[in-house]
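Below is one structure; the comments refer to it alone.
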Amino acid sequence: MENEPMEPLGARYYQNAGYNLAISIIFPMLNTLVVSARFYARKRQKMSLQADDWLTIPALILLMGSCASMIAGVAKHASGYPTPSMTEQRSLTSRSELNIVNSATVIVTKIELAVDLMTIPGLACAKLSFLFFYHRIFCTHGTGFPRLFIITMICAVAVWGAAFELAYLFMCGTHFSAWWGTAENTMKYCQNSLRTEYGFTLSDFLTDAIILLIPLPLLWNLQLRTAKKIAVSLVFLLGSVAIGASIGRFVIIWEIVNMGFDRRADQNCKSFKAP
């Protein structure tokens with residue numbers, strides 16, 4: 001009874017190769033258009049480029065790197081595809097055994113590490129771009145609580161990005177090969193991996209929510225007509241798309257944390273930072 005095959009868990013939509021490929025193509029294209037339009041607008045208005053503008057460049061480059069890695073995983077039939085069988089009796093298996101590793105799983109886990117290490121600083125740059133933008137438009141005076149709060153948030157986000165970058169890099173201590181080794185080695189050397197993922201996605205959501213809400217009270221203190229205040233507030237609230245992405249990542253990681261190292265779950269059929 002112990003060796004009886006287990007019923008595989010059903011794959012979610014974000015675990016499919018087609019979904020991974022689609023977002024890896026569409027996201028860089030959309031972000032390239034947005035960043036290009038931003039720099040074009042600055043040039044047309046003859047405005048000097050500030051920190052909030054320049055920070056969009058590393059954020060875009062890191063996004064492209066993450067998406068290129070995911071495309072490579074799909075192209076190699078690793079990411080988003082069932083794990084190849086370890087037996088001759090079945091063409092596919094629900095999951096590699098905990099003490100077995102194959103080439104597809106190695107590719108998936110190496111790509112996961114690369115995507116994680118590019119996603120964290122990319123998100124930090126995007127958050128910092130928003131905060132420096134707020135500082136530029138709301139902190140025209142050298143003092144005051146808004147300026148102090150925004151500078152505090154800038155420092156907090158910088159520390160957040162650096163801390164989680166190091167946490168992911170040394171998640172398995174100095175046993176880096178445990179990332180792409182067997183699940184048994186991952187459980188042995190990377191014991192805090194799921195908690196780190198959970199902490200990252202939760203803090204990502206919270207920082208996004210705070211950054212989204214910062215400009216609203218500042219706007220309503222400006223000498224503007226109520227209709228204009230509402231209109232400008234709605235423009236800033238378009239940033240709630242980022243909150244939606246954060247919630248999506250949080251839900252996915254919540255599922256992964258609750259699943260743990262479940263033998264029924266195929267470790268190759270997954271996306272890494274699905275929105």
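Residue numbering restarts at 1 in every chain; chains get A, B, ... in the order shown in the structure tokens, and ligands count up from 1 in that same order.
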Stretch 38-138 of chain A: which residues are helix (DSSP H, G or I) by DSSP, as a PyMOL selection string?
-> chain A and resi 38-44+51-54+56-75+103-138
Can you tell me, as a PyMOL selection string, what residues are no more than 6 Å from stretch 144-161 of chain A when counting only C-alpha atoms, ignoring any on the same chain fewer than 3 positions away?
-> chain A and resi 121+124+139+164
Could you tell me how far atom CA of A:Leu206 lies from atom CA of A:Ala51, in Å and to one decimal?
->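 The value is 23.1 Å.
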Residue with smallest distance to A:Tyr134 - pool A:Ile120, A:Leu30, A:Ile243, A:Leu216, counting only C-alpha atoms = A:Leu216
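For stretch 169-177 of chain A, the residues within 8 Å (counting only C-alpha atoms, excluding itself and residues fewer than 3 positions away along the chain) are Leu117, Glu165, Leu166, Trp180, Gly181, Thr186, Tyr189, Cys190, Gln191, Asn192 and Ser193 of chain A.
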Interatomic distance, atom CA of A:Gln50 to atom CA of A:Ala37 (Å, one decimal) =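 Atom CA of A:Ala37 lies 15.2 Å from atom CA of A:Gln50.
Going from atom CA of A:Ala162 to atom CA of A:Gly244 covers 23.7 Å.
Among the candidate residues A:Ile71, A:Pro215, A:Ala167, A:Gln45, the one lying nearest to A:Thr196 is A:Ala167, with distances computed using only C-alpha atoms.
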